[in-house]
$ cat model_9.txt   # compact mmCIF, N, CA and C atoms
# COMPACT_ATOMS: atom_id res chain seq x y z
N MET C 24 57.90 -33.26 -29.98
CA MET C 24 58.14 -32.00 -29.31
C MET C 24 59.55 -32.04 -28.76
N ARG C 25 60.24 -30.96 -28.95
CA ARG C 25 61.58 -30.80 -28.40
C ARG C 25 61.53 -29.72 -27.33
N VAL C 26 62.22 -29.98 -26.22
CA VAL C 26 62.19 -29.06 -25.10
C VAL C 26 63.59 -28.89 -24.53
N LEU C 27 63.99 -27.65 -24.35
CA LEU C 27 65.20 -27.32 -23.61
C LEU C 27 64.75 -26.69 -22.31
N GLN C 28 65.12 -27.29 -21.19
CA GLN C 28 64.72 -26.78 -19.87
C GLN C 28 65.92 -26.17 -19.17
N LEU C 29 65.74 -24.98 -18.62
CA LEU C 29 66.78 -24.31 -17.85
C LEU C 29 66.19 -23.82 -16.53
N HIS C 30 66.83 -24.18 -15.43
CA HIS C 30 66.41 -23.65 -14.14
C HIS C 30 67.15 -22.33 -13.95
N CYS C 31 66.40 -21.25 -13.93
CA CYS C 31 66.98 -19.90 -13.90
C CYS C 31 66.69 -19.21 -12.58
N SER C 32 67.70 -18.53 -12.05
CA SER C 32 67.44 -17.68 -10.89
C SER C 32 66.70 -16.43 -11.33
N ASP C 33 66.98 -15.98 -12.55
CA ASP C 33 66.29 -14.83 -13.15
C ASP C 33 66.11 -15.10 -14.64
N PHE C 34 64.91 -14.81 -15.13
CA PHE C 34 64.65 -14.90 -16.56
C PHE C 34 63.69 -13.78 -16.92
N GLY C 35 64.04 -13.02 -17.93
CA GLY C 35 63.16 -11.95 -18.39
C GLY C 35 63.14 -11.89 -19.90
N TYR C 36 62.01 -11.48 -20.44
CA TYR C 36 61.90 -11.32 -21.88
C TYR C 36 61.07 -10.08 -22.19
N LYS C 37 61.25 -9.61 -23.42
CA LYS C 37 60.47 -8.47 -23.92
C LYS C 37 60.16 -8.73 -25.38
N VAL C 38 58.89 -8.55 -25.75
CA VAL C 38 58.44 -8.74 -27.13
C VAL C 38 59.08 -7.67 -28.01
N ARG C 39 59.59 -8.09 -29.17
CA ARG C 39 60.23 -7.15 -30.08
C ARG C 39 59.49 -7.00 -31.41
N LYS C 40 59.28 -8.12 -32.13
CA LYS C 40 58.70 -8.05 -33.48
C LYS C 40 57.84 -9.28 -33.72
N GLU C 41 56.69 -9.06 -34.34
CA GLU C 41 55.79 -10.19 -34.60
C GLU C 41 56.17 -10.91 -35.89
N THR C 42 55.78 -12.19 -35.94
CA THR C 42 55.92 -12.98 -37.16
C THR C 42 54.52 -13.11 -37.76
N PRO C 43 54.40 -13.69 -38.94
CA PRO C 43 53.06 -13.84 -39.54
C PRO C 43 52.10 -14.72 -38.72
N VAL C 44 52.60 -15.53 -37.80
CA VAL C 44 51.74 -16.42 -37.01
C VAL C 44 51.58 -15.93 -35.57
N ALA C 45 51.90 -14.69 -35.32
CA ALA C 45 51.91 -14.15 -33.95
C ALA C 45 50.53 -14.08 -33.32
N GLU C 46 50.48 -14.40 -32.03
CA GLU C 46 49.26 -14.16 -31.24
C GLU C 46 49.10 -12.65 -31.11
N ARG C 47 47.88 -12.20 -31.25
CA ARG C 47 47.62 -10.77 -31.10
C ARG C 47 46.49 -10.57 -30.13
N PRO C 48 46.64 -9.70 -29.19
CA PRO C 48 47.85 -8.95 -28.85
C PRO C 48 48.84 -9.85 -28.11
N ALA C 49 50.08 -9.40 -28.03
CA ALA C 49 51.11 -10.14 -27.30
C ALA C 49 50.88 -9.90 -25.80
N ILE C 50 50.44 -10.94 -25.11
CA ILE C 50 50.19 -10.82 -23.67
C ILE C 50 50.95 -11.91 -22.94
N PRO C 51 51.83 -11.55 -22.01
CA PRO C 51 52.29 -10.19 -21.72
C PRO C 51 53.38 -9.76 -22.71
N GLU C 52 53.61 -8.47 -22.78
CA GLU C 52 54.65 -7.96 -23.67
C GLU C 52 56.03 -8.09 -23.07
N ALA C 53 56.09 -8.18 -21.75
CA ALA C 53 57.36 -8.35 -21.05
C ALA C 53 57.06 -9.05 -19.73
N GLU C 54 58.05 -9.78 -19.25
CA GLU C 54 57.88 -10.47 -17.97
C GLU C 54 59.26 -10.75 -17.40
N LYS C 55 59.37 -10.69 -16.09
CA LYS C 55 60.61 -11.04 -15.39
C LYS C 55 60.23 -11.98 -14.26
N LEU C 56 60.87 -13.14 -14.24
CA LEU C 56 60.55 -14.16 -13.24
C LEU C 56 61.81 -14.59 -12.50
N GLU C 57 61.65 -14.92 -11.23
CA GLU C 57 62.75 -15.44 -10.43
C GLU C 57 62.48 -16.90 -10.09
N ASP C 58 63.54 -17.67 -9.95
CA ASP C 58 63.47 -19.08 -9.59
C ASP C 58 62.40 -19.79 -10.43
N VAL C 59 62.71 -19.95 -11.70
CA VAL C 59 61.74 -20.48 -12.67
C VAL C 59 62.38 -21.57 -13.52
N LEU C 60 61.61 -22.59 -13.84
CA LEU C 60 62.02 -23.59 -14.81
C LEU C 60 61.50 -23.13 -16.16
N VAL C 61 62.40 -22.67 -17.02
CA VAL C 61 62.03 -22.18 -18.35
C VAL C 61 62.06 -23.36 -19.31
N CYS C 62 60.94 -23.58 -19.99
CA CYS C 62 60.82 -24.67 -20.95
C CYS C 62 60.70 -24.07 -22.35
N PHE C 63 61.81 -24.08 -23.10
CA PHE C 63 61.80 -23.65 -24.49
C PHE C 63 61.20 -24.81 -25.28
N ILE C 64 60.03 -24.58 -25.88
CA ILE C 64 59.24 -25.66 -26.48
C ILE C 64 59.08 -25.46 -27.98
N CYS C 65 59.34 -26.56 -28.71
CA CYS C 65 59.14 -26.56 -30.16
C CYS C 65 58.15 -27.66 -30.52
N PHE C 66 57.00 -27.26 -31.02
CA PHE C 66 55.94 -28.18 -31.46
C PHE C 66 56.24 -28.58 -32.91
N GLU C 67 56.38 -29.88 -33.15
CA GLU C 67 56.79 -30.37 -34.46
C GLU C 67 55.64 -31.02 -35.23
N LYS C 68 55.87 -31.21 -36.52
CA LYS C 68 54.88 -31.84 -37.41
C LYS C 68 54.43 -33.19 -36.87
N ARG C 69 55.36 -34.00 -36.39
CA ARG C 69 55.04 -35.34 -35.89
C ARG C 69 54.21 -35.31 -34.61
N ASP C 70 54.11 -34.16 -33.96
CA ASP C 70 53.36 -34.02 -32.71
C ASP C 70 51.86 -33.83 -32.95
N GLU C 71 51.49 -33.43 -34.15
CA GLU C 71 50.11 -33.04 -34.43
C GLU C 71 49.10 -34.14 -34.13
N SER C 72 49.50 -35.38 -34.30
CA SER C 72 48.57 -36.50 -34.05
C SER C 72 48.79 -37.15 -32.68
N ARG C 73 49.68 -36.58 -31.86
CA ARG C 73 50.01 -37.19 -30.57
C ARG C 73 49.89 -36.20 -29.41
N VAL C 74 49.05 -35.21 -29.55
CA VAL C 74 48.96 -34.14 -28.56
C VAL C 74 48.65 -34.66 -27.16
N GLY C 75 47.66 -35.53 -27.02
CA GLY C 75 47.30 -36.05 -25.71
C GLY C 75 48.43 -36.79 -25.04
N GLU C 76 49.08 -37.66 -25.79
CA GLU C 76 50.21 -38.44 -25.27
C GLU C 76 51.35 -37.53 -24.82
N ILE C 77 51.70 -36.55 -25.65
CA ILE C 77 52.79 -35.64 -25.35
C ILE C 77 52.46 -34.80 -24.12
N THR C 78 51.25 -34.31 -24.06
CA THR C 78 50.83 -33.50 -22.92
C THR C 78 51.00 -34.26 -21.62
N GLU C 79 50.52 -35.50 -21.58
CA GLU C 79 50.61 -36.31 -20.36
C GLU C 79 52.06 -36.51 -19.93
N LYS C 80 52.91 -36.92 -20.86
CA LYS C 80 54.32 -37.18 -20.54
C LYS C 80 55.03 -35.92 -20.09
N PHE C 81 54.80 -34.83 -20.82
CA PHE C 81 55.48 -33.58 -20.51
C PHE C 81 55.08 -33.05 -19.14
N VAL C 82 53.79 -33.00 -18.87
CA VAL C 82 53.31 -32.48 -17.58
C VAL C 82 53.87 -33.33 -16.43
N GLU C 83 53.81 -34.63 -16.55
CA GLU C 83 54.32 -35.50 -15.47
C GLU C 83 55.82 -35.31 -15.27
N ASN C 84 56.59 -35.24 -16.37
CA ASN C 84 58.04 -35.04 -16.25
C ASN C 84 58.38 -33.70 -15.63
N VAL C 85 57.70 -32.65 -16.04
CA VAL C 85 58.00 -31.32 -15.50
C VAL C 85 57.62 -31.25 -14.02
N LYS C 86 56.51 -31.87 -13.64
CA LYS C 86 56.13 -31.88 -12.22
C LYS C 86 57.21 -32.57 -11.39
N VAL C 87 57.78 -33.65 -11.89
CA VAL C 87 58.87 -34.33 -11.19
C VAL C 87 60.09 -33.41 -11.12
N ASP C 88 60.43 -32.77 -12.24
CA ASP C 88 61.59 -31.88 -12.27
C ASP C 88 61.43 -30.71 -11.30
N VAL C 89 60.26 -30.10 -11.29
CA VAL C 89 60.01 -28.97 -10.39
C VAL C 89 60.15 -29.42 -8.93
N SER C 90 59.63 -30.58 -8.64
CA SER C 90 59.73 -31.12 -7.29
C SER C 90 61.19 -31.38 -6.90
N ARG C 91 61.94 -31.99 -7.78
CA ARG C 91 63.34 -32.31 -7.50
C ARG C 91 64.19 -31.06 -7.38
N ILE C 92 63.94 -30.08 -8.23
CA ILE C 92 64.70 -28.84 -8.23
C ILE C 92 64.31 -27.97 -7.04
N GLY C 93 63.03 -27.99 -6.71
CA GLY C 93 62.53 -27.17 -5.61
C GLY C 93 62.07 -25.80 -6.02
N CYS C 94 61.87 -25.55 -7.33
CA CYS C 94 61.35 -24.25 -7.74
C CYS C 94 59.83 -24.32 -7.79
N LYS C 95 59.19 -23.17 -7.84
CA LYS C 95 57.74 -23.12 -7.71
C LYS C 95 57.01 -22.65 -8.96
N ARG C 96 57.75 -22.31 -10.03
CA ARG C 96 57.06 -21.80 -11.22
C ARG C 96 57.71 -22.33 -12.49
N VAL C 97 56.88 -22.36 -13.54
CA VAL C 97 57.29 -22.85 -14.86
C VAL C 97 56.92 -21.78 -15.88
N LEU C 98 57.81 -21.57 -16.84
CA LEU C 98 57.52 -20.69 -17.97
C LEU C 98 57.53 -21.52 -19.25
N LEU C 99 56.42 -21.51 -19.98
CA LEU C 99 56.33 -22.16 -21.28
C LEU C 99 56.72 -21.11 -22.32
N TYR C 100 57.81 -21.35 -23.02
CA TYR C 100 58.38 -20.36 -23.93
C TYR C 100 58.45 -20.96 -25.34
N PRO C 101 57.50 -20.63 -26.23
CA PRO C 101 57.54 -21.16 -27.59
C PRO C 101 58.87 -20.81 -28.25
N TYR C 102 59.51 -21.83 -28.83
CA TYR C 102 60.86 -21.63 -29.37
C TYR C 102 61.04 -22.50 -30.61
N ALA C 103 60.67 -21.99 -31.76
CA ALA C 103 60.68 -22.73 -33.02
C ALA C 103 62.08 -23.14 -33.46
N HIS C 104 63.10 -22.55 -32.88
CA HIS C 104 64.47 -22.75 -33.33
C HIS C 104 65.06 -24.12 -32.98
N LEU C 105 64.29 -24.97 -32.32
CA LEU C 105 64.80 -26.29 -31.95
C LEU C 105 64.55 -27.35 -33.01
N SER C 106 63.86 -27.02 -34.10
CA SER C 106 63.53 -28.02 -35.11
C SER C 106 63.41 -27.39 -36.50
N LYS C 107 63.62 -28.24 -37.50
CA LYS C 107 63.41 -27.84 -38.90
C LYS C 107 62.05 -28.29 -39.40
N SER C 108 61.34 -29.07 -38.58
CA SER C 108 60.06 -29.65 -39.00
C SER C 108 58.94 -29.16 -38.09
N LEU C 109 58.59 -27.89 -38.24
CA LEU C 109 57.59 -27.28 -37.36
C LEU C 109 56.18 -27.79 -37.65
N GLY C 110 55.42 -27.94 -36.59
CA GLY C 110 54.02 -28.29 -36.73
C GLY C 110 53.19 -27.07 -37.06
N SER C 111 51.91 -27.27 -37.23
CA SER C 111 50.97 -26.20 -37.52
C SER C 111 51.00 -25.15 -36.41
N ALA C 112 51.12 -23.90 -36.79
CA ALA C 112 51.12 -22.81 -35.81
C ALA C 112 49.80 -22.77 -35.05
N ARG C 113 48.70 -23.00 -35.76
CA ARG C 113 47.38 -23.00 -35.11
C ARG C 113 47.31 -24.07 -34.03
N LEU C 114 47.76 -25.28 -34.35
CA LEU C 114 47.74 -26.36 -33.37
C LEU C 114 48.73 -26.12 -32.24
N ALA C 115 49.87 -25.54 -32.56
CA ALA C 115 50.87 -25.24 -31.54
C ALA C 115 50.32 -24.25 -30.51
N LYS C 116 49.60 -23.24 -30.96
CA LYS C 116 49.00 -22.27 -30.05
C LYS C 116 48.00 -22.94 -29.12
N VAL C 117 47.16 -23.80 -29.67
CA VAL C 117 46.17 -24.52 -28.86
C VAL C 117 46.88 -25.44 -27.87
N PHE C 118 47.90 -26.14 -28.34
CA PHE C 118 48.67 -27.04 -27.50
C PHE C 118 49.28 -26.31 -26.30
N LEU C 119 49.91 -25.17 -26.55
CA LEU C 119 50.55 -24.41 -25.47
C LEU C 119 49.52 -23.86 -24.48
N ALA C 120 48.39 -23.40 -24.98
CA ALA C 120 47.33 -22.93 -24.09
C ALA C 120 46.80 -24.08 -23.24
N ASP C 121 46.66 -25.27 -23.84
CA ASP C 121 46.21 -26.44 -23.09
C ASP C 121 47.24 -26.84 -22.03
N LEU C 122 48.52 -26.77 -22.38
CA LEU C 122 49.57 -27.07 -21.40
C LEU C 122 49.48 -26.12 -20.21
N ARG C 123 49.32 -24.83 -20.52
CA ARG C 123 49.21 -23.84 -19.45
C ARG C 123 48.03 -24.18 -18.54
N ASP C 124 46.88 -24.49 -19.12
CA ASP C 124 45.70 -24.83 -18.33
C ASP C 124 45.92 -26.09 -17.51
N ARG C 125 46.57 -27.06 -18.10
CA ARG C 125 46.82 -28.32 -17.41
C ARG C 125 47.73 -28.12 -16.20
N PHE C 126 48.84 -27.38 -16.38
CA PHE C 126 49.73 -27.12 -15.26
C PHE C 126 48.99 -26.37 -14.16
N SER C 127 48.22 -25.39 -14.54
CA SER C 127 47.45 -24.60 -13.58
C SER C 127 46.50 -25.49 -12.78
N SER C 128 45.81 -26.40 -13.47
CA SER C 128 44.87 -27.29 -12.78
C SER C 128 45.59 -28.29 -11.88
N GLU C 129 46.87 -28.51 -12.13
CA GLU C 129 47.68 -29.41 -11.30
C GLU C 129 48.32 -28.67 -10.13
N GLY C 130 48.04 -27.37 -10.01
CA GLY C 130 48.57 -26.60 -8.90
C GLY C 130 49.97 -26.05 -9.11
N VAL C 131 50.46 -26.05 -10.37
CA VAL C 131 51.78 -25.52 -10.69
C VAL C 131 51.61 -24.07 -11.15
N GLU C 132 52.39 -23.16 -10.58
CA GLU C 132 52.36 -21.77 -11.06
C GLU C 132 52.98 -21.75 -12.45
N VAL C 133 52.20 -21.38 -13.44
CA VAL C 133 52.66 -21.46 -14.82
C VAL C 133 52.48 -20.11 -15.52
N HIS C 134 53.46 -19.79 -16.36
CA HIS C 134 53.43 -18.58 -17.19
C HIS C 134 53.69 -19.03 -18.62
N LYS C 135 53.24 -18.23 -19.59
CA LYS C 135 53.48 -18.53 -21.00
C LYS C 135 53.82 -17.25 -21.73
N SER C 136 54.93 -17.28 -22.46
CA SER C 136 55.27 -16.11 -23.28
C SER C 136 54.48 -16.16 -24.59
N PRO C 137 54.28 -15.02 -25.23
CA PRO C 137 53.48 -14.96 -26.45
C PRO C 137 54.07 -15.79 -27.59
N PHE C 138 53.20 -16.45 -28.32
CA PHE C 138 53.58 -17.28 -29.47
C PHE C 138 53.79 -16.40 -30.70
N GLY C 139 54.83 -16.72 -31.48
CA GLY C 139 55.02 -16.08 -32.78
C GLY C 139 55.65 -14.71 -32.75
N TRP C 140 56.33 -14.39 -31.69
CA TRP C 140 57.00 -13.09 -31.57
C TRP C 140 58.49 -13.31 -31.40
N TYR C 141 59.29 -12.43 -32.03
CA TYR C 141 60.71 -12.39 -31.70
C TYR C 141 60.79 -11.67 -30.36
N LYS C 142 61.55 -12.27 -29.45
CA LYS C 142 61.65 -11.70 -28.12
C LYS C 142 63.12 -11.59 -27.73
N ALA C 143 63.46 -10.51 -27.07
CA ALA C 143 64.77 -10.39 -26.45
C ALA C 143 64.64 -11.04 -25.08
N PHE C 144 65.67 -11.77 -24.65
CA PHE C 144 65.59 -12.33 -23.31
C PHE C 144 66.95 -12.32 -22.63
N GLU C 145 66.89 -12.31 -21.31
CA GLU C 145 68.08 -12.39 -20.46
C GLU C 145 67.82 -13.48 -19.45
N LEU C 146 68.90 -14.23 -19.13
CA LEU C 146 68.72 -15.29 -18.14
C LEU C 146 69.98 -15.45 -17.31
N SER C 147 69.76 -15.99 -16.15
CA SER C 147 70.83 -16.40 -15.27
C SER C 147 70.49 -17.82 -14.85
N CYS C 148 71.26 -18.77 -15.38
CA CYS C 148 70.98 -20.18 -15.14
C CYS C 148 71.70 -20.62 -13.86
N ILE C 149 70.96 -21.32 -13.00
CA ILE C 149 71.52 -21.82 -11.76
C ILE C 149 72.38 -23.03 -12.11
N GLY C 150 73.59 -23.08 -11.61
CA GLY C 150 74.53 -24.15 -11.96
C GLY C 150 74.46 -25.33 -11.01
N HIS C 151 73.57 -26.24 -11.29
CA HIS C 151 73.51 -27.49 -10.52
C HIS C 151 73.20 -28.62 -11.50
N PRO C 152 73.35 -29.88 -11.10
CA PRO C 152 73.20 -31.00 -12.04
C PRO C 152 71.86 -31.09 -12.74
N LEU C 153 70.80 -30.55 -12.17
CA LEU C 153 69.47 -30.63 -12.78
C LEU C 153 69.07 -29.33 -13.47
N ALA C 154 69.99 -28.38 -13.57
CA ALA C 154 69.65 -27.05 -14.08
C ALA C 154 69.42 -27.01 -15.58
N GLU C 155 69.95 -27.96 -16.32
CA GLU C 155 69.82 -27.96 -17.77
C GLU C 155 69.41 -29.34 -18.25
N ALA C 156 68.43 -29.39 -19.13
CA ALA C 156 67.99 -30.68 -19.67
C ALA C 156 67.42 -30.47 -21.07
N TYR C 157 67.63 -31.45 -21.93
CA TYR C 157 67.03 -31.45 -23.26
C TYR C 157 66.21 -32.73 -23.36
N ARG C 158 64.98 -32.58 -23.85
CA ARG C 158 64.12 -33.75 -23.97
C ARG C 158 63.39 -33.73 -25.31
N GLU C 159 63.09 -34.92 -25.80
CA GLU C 159 62.24 -35.08 -26.98
C GLU C 159 61.08 -35.97 -26.59
N TYR C 160 59.88 -35.57 -27.01
CA TYR C 160 58.66 -36.34 -26.71
C TYR C 160 58.06 -36.86 -27.99
$ encode --input "model_9.txt" --output "C-alpha cells"
Amino acid sequence: MRVLQLHCSDFGYKVRKETPVAERPAIPEAEKLEDVLVCFICFEKRDESRVGEITEKFVENVKVDVSRIGCKRVLLYPYAHLSKSLGSARLAKVFLADLRDRFSSEGVEVHKSPFGWYKAFELSCIGHPLAEAYREY
C-alpha cells in the first residue's frame, strides 16, 4: 500500500465521474473538512495477502501522526494514481471500509471519500515539518 499524507487546513472534494469499479451510490458526493490529515491511499496487488498486517501498521502510524500533529480527523481518500500495480478493486473497497471501521473503533474521527470516482478536489496544506509524508506498507 502506498500512502501520501497531507495535513490540510482545508480539504474539499466533489464527485465528478464514475469508473467501472465505482461504489454506487457515491456517498458522500461532496465533502469539505477543516484541520484534517488526508491519506491518499493506493491498494496494490502485493497487499491482497497482507491486509491484516497492513491495517495494523497503518492504523498505529496514523494514530501517532494525528497525535503529533494535533489534528482530530482523518480522511481516507482512495487514490489509484500512486501505483502501476493495482490490487483487486473488490478487495480494496473492503479494505478501505475496514480501515474506516477500525479508526472509528479507536476513537479517531474518520471520513472516507467514495471509491472508483473521479473527483475534483481543493486543498490548503499546512506548512510544517510533519505536514507531508509518503509511506509504503
$ residues_around --input "model_9.txt" --residues "region 59-61 of chain C" --least-positions-apart "4" --cutoff "5 Å" --atoms "all atoms listed in the file" --output "PyMOL selection string"
chain C and resi 28-31+96-98
$ write_last_selection --input "model_9.txt" --atoms "N, CA and C atoms" --output "mmCIF file, keeping the file's coordinate frame"
data_model
loop_
_atom_site.group_PDB
_atom_site.id
_atom_site.type_symbol
_atom_site.label_atom_id
_atom_site.label_comp_id
_atom_site.auth_asym_id
_atom_site.auth_seq_id
_atom_site.Cartn_x
_atom_site.Cartn_y
_atom_site.Cartn_z
ATOM 1 N N GLN C 28 65.120 -27.290 -21.190
ATOM 2 C CA GLN C 28 64.720 -26.780 -19.870
ATOM 3 C C GLN C 28 65.920 -26.170 -19.170
ATOM 4 N N LEU C 29 65.740 -24.980 -18.620
ATOM 5 C CA LEU C 29 66.780 -24.310 -17.850
ATOM 6 C C LEU C 29 66.190 -23.820 -16.530
ATOM 7 N N HIS C 30 66.830 -24.180 -15.430
ATOM 8 C CA HIS C 30 66.410 -23.650 -14.140
ATOM 9 C C HIS C 30 67.150 -22.330 -13.950
ATOM 10 N N CYS C 31 66.400 -21.250 -13.930
ATOM 11 C CA CYS C 31 66.980 -19.900 -13.900
ATOM 12 C C CYS C 31 66.690 -19.210 -12.580
ATOM 13 N N ARG C 96 57.750 -22.310 -10.030
ATOM 14 C CA ARG C 96 57.060 -21.800 -11.220
ATOM 15 C C ARG C 96 57.710 -22.330 -12.490
ATOM 16 N N VAL C 97 56.880 -22.360 -13.540
ATOM 17 C CA VAL C 97 57.290 -22.850 -14.860
ATOM 18 C C VAL C 97 56.920 -21.780 -15.880
ATOM 19 N N LEU C 98 57.810 -21.570 -16.840
ATOM 20 C CA LEU C 98 57.520 -20.690 -17.970
ATOM 21 C C LEU C 98 57.530 -21.520 -19.250
#
$ select_by_dssp --input "model_9.txt" --residues "region 53-128 of chain C" --states "alpha helix (DSSP H)" --output "number ranges by chain"
C: 74-92, 112-128
$ closest_residue --input "model_9.txt" --among "C:Val85, C:Leu27, C:Leu109, C:Leu99" --to "Arg123 (chain C)" --atoms "all atoms listed in the file"
C:Leu99
$ atom_distance --input "model_9.txt" --atom1 "atom N of Trp140 (chain C)" --atom2 "atom C of Val44 (chain C)"
6.3 Å
$ closest_residue --input "model_9.txt" --among "C:Met24, C:Phe126, C:Tyr160, C:Phe144" --to "Ile64 (chain C)" --atoms "only N, CA and C atoms"
C:Met24
$ closest_residue --input "model_9.txt" --among "C:Ile92, C:Ala45, C:Val38, C:Val26" --to "Cys62 (chain C)" --atoms "only N, CA and C atoms"
C:Val26
$ atom_distance --input "model_9.txt" --atom1 "CA of Phe34 (chain C)" --atom2 "CA of Glu46 (chain C)"
21.3 Å
$ atom_distance --input "model_9.txt" --atom1 "CA of Asp88 (chain C)" --atom2 "CA of Ala49 (chain C)"
28.4 Å
$ select_by_dssp --input "model_9.txt" --residues "region 58-154 of chain C" --states "strand (DSSP E)" --output "VMD selection string"
chain C and resid 58 to 65 96 to 101 132 to 135 140 to 148
$ closest_residue --input "model_9.txt" --among "C:Arg25, C:Ser90, C:Pro137, C:Pro43" --to "Tyr157 (chain C)" --atoms "only N, CA and C atoms"
C:Arg25
$ residues_around --input "model_9.txt" --residues "region 66-78 of chain C" --least-positions-apart "2" --cutoff "10 Å" --atoms "only C-alpha atoms" --output "VMD selection string"
chain C and resid 24 to 26 64 80 to 84 101 to 103 105 to 112 114 to 116 118 to 119 121 to 122 125 159 to 160
$ closest_atom_pairs --input "model_9.txt" --of "region 34-135 of chain C" --to "region 145-152 of chain C" --cutoff "7 Å" --atoms "only N, CA and C atoms" --output "Markdown table"
| residue | atom | partner | partner_atom | distance |
| --- | --- | --- | --- | --- |
| C:Phe34 | CA | C:Leu146 | CA | 4.4 |
| C:Gly35 | C | C:Glu145 | N | 4.0 |
| C:Tyr36 | N | C:Glu145 | N | 5.0 |
| C:Lys37 | N | C:Glu145 | N | 6.6 |
$ write_last_selection --input "model_9.txt" --atoms "N, CA and C atoms" --output "PDB file, in the frame of the given file"
ATOM      1  N   PHE C  34      64.910 -14.810 -15.130  1.00  0.00           N
ATOM      2  CA  PHE C  34      64.650 -14.900 -16.560  1.00  0.00           C
ATOM      3  C   PHE C  34      63.690 -13.780 -16.920  1.00  0.00           C
ATOM      4  N   GLY C  35      64.040 -13.020 -17.930  1.00  0.00           N
ATOM      5  CA  GLY C  35      63.160 -11.950 -18.390  1.00  0.00           C
ATOM      6  C   GLY C  35      63.140 -11.890 -19.900  1.00  0.00           C
ATOM      7  N   TYR C  36      62.010 -11.480 -20.440  1.00  0.00           N
ATOM      8  CA  TYR C  36      61.900 -11.320 -21.880  1.00  0.00           C
ATOM      9  C   TYR C  36      61.070 -10.080 -22.190  1.00  0.00           C
ATOM     10  N   LYS C  37      61.250  -9.610 -23.420  1.00  0.00           N
ATOM     11  CA  LYS C  37      60.470  -8.470 -23.920  1.00  0.00           C
ATOM     12  C   LYS C  37      60.160  -8.730 -25.380  1.00  0.00           C
TER      13      LYS C  37
END
$ closest_residue --input "model_9.txt" --among "C:Pro48, C:Glu129, C:Tyr100, C:Thr42" --to "Phe63 (chain C)" --atoms "all atoms listed in the file"
C:Tyr100
$ residues_around --input "model_9.txt" --residues "Asp58 (chain C)" --least-positions-apart "5" --cutoff "7 Å" --atoms "only C-alpha atoms" --output "list in words"
Cys31, Ser32, Asp33 and Cys94 of chain C
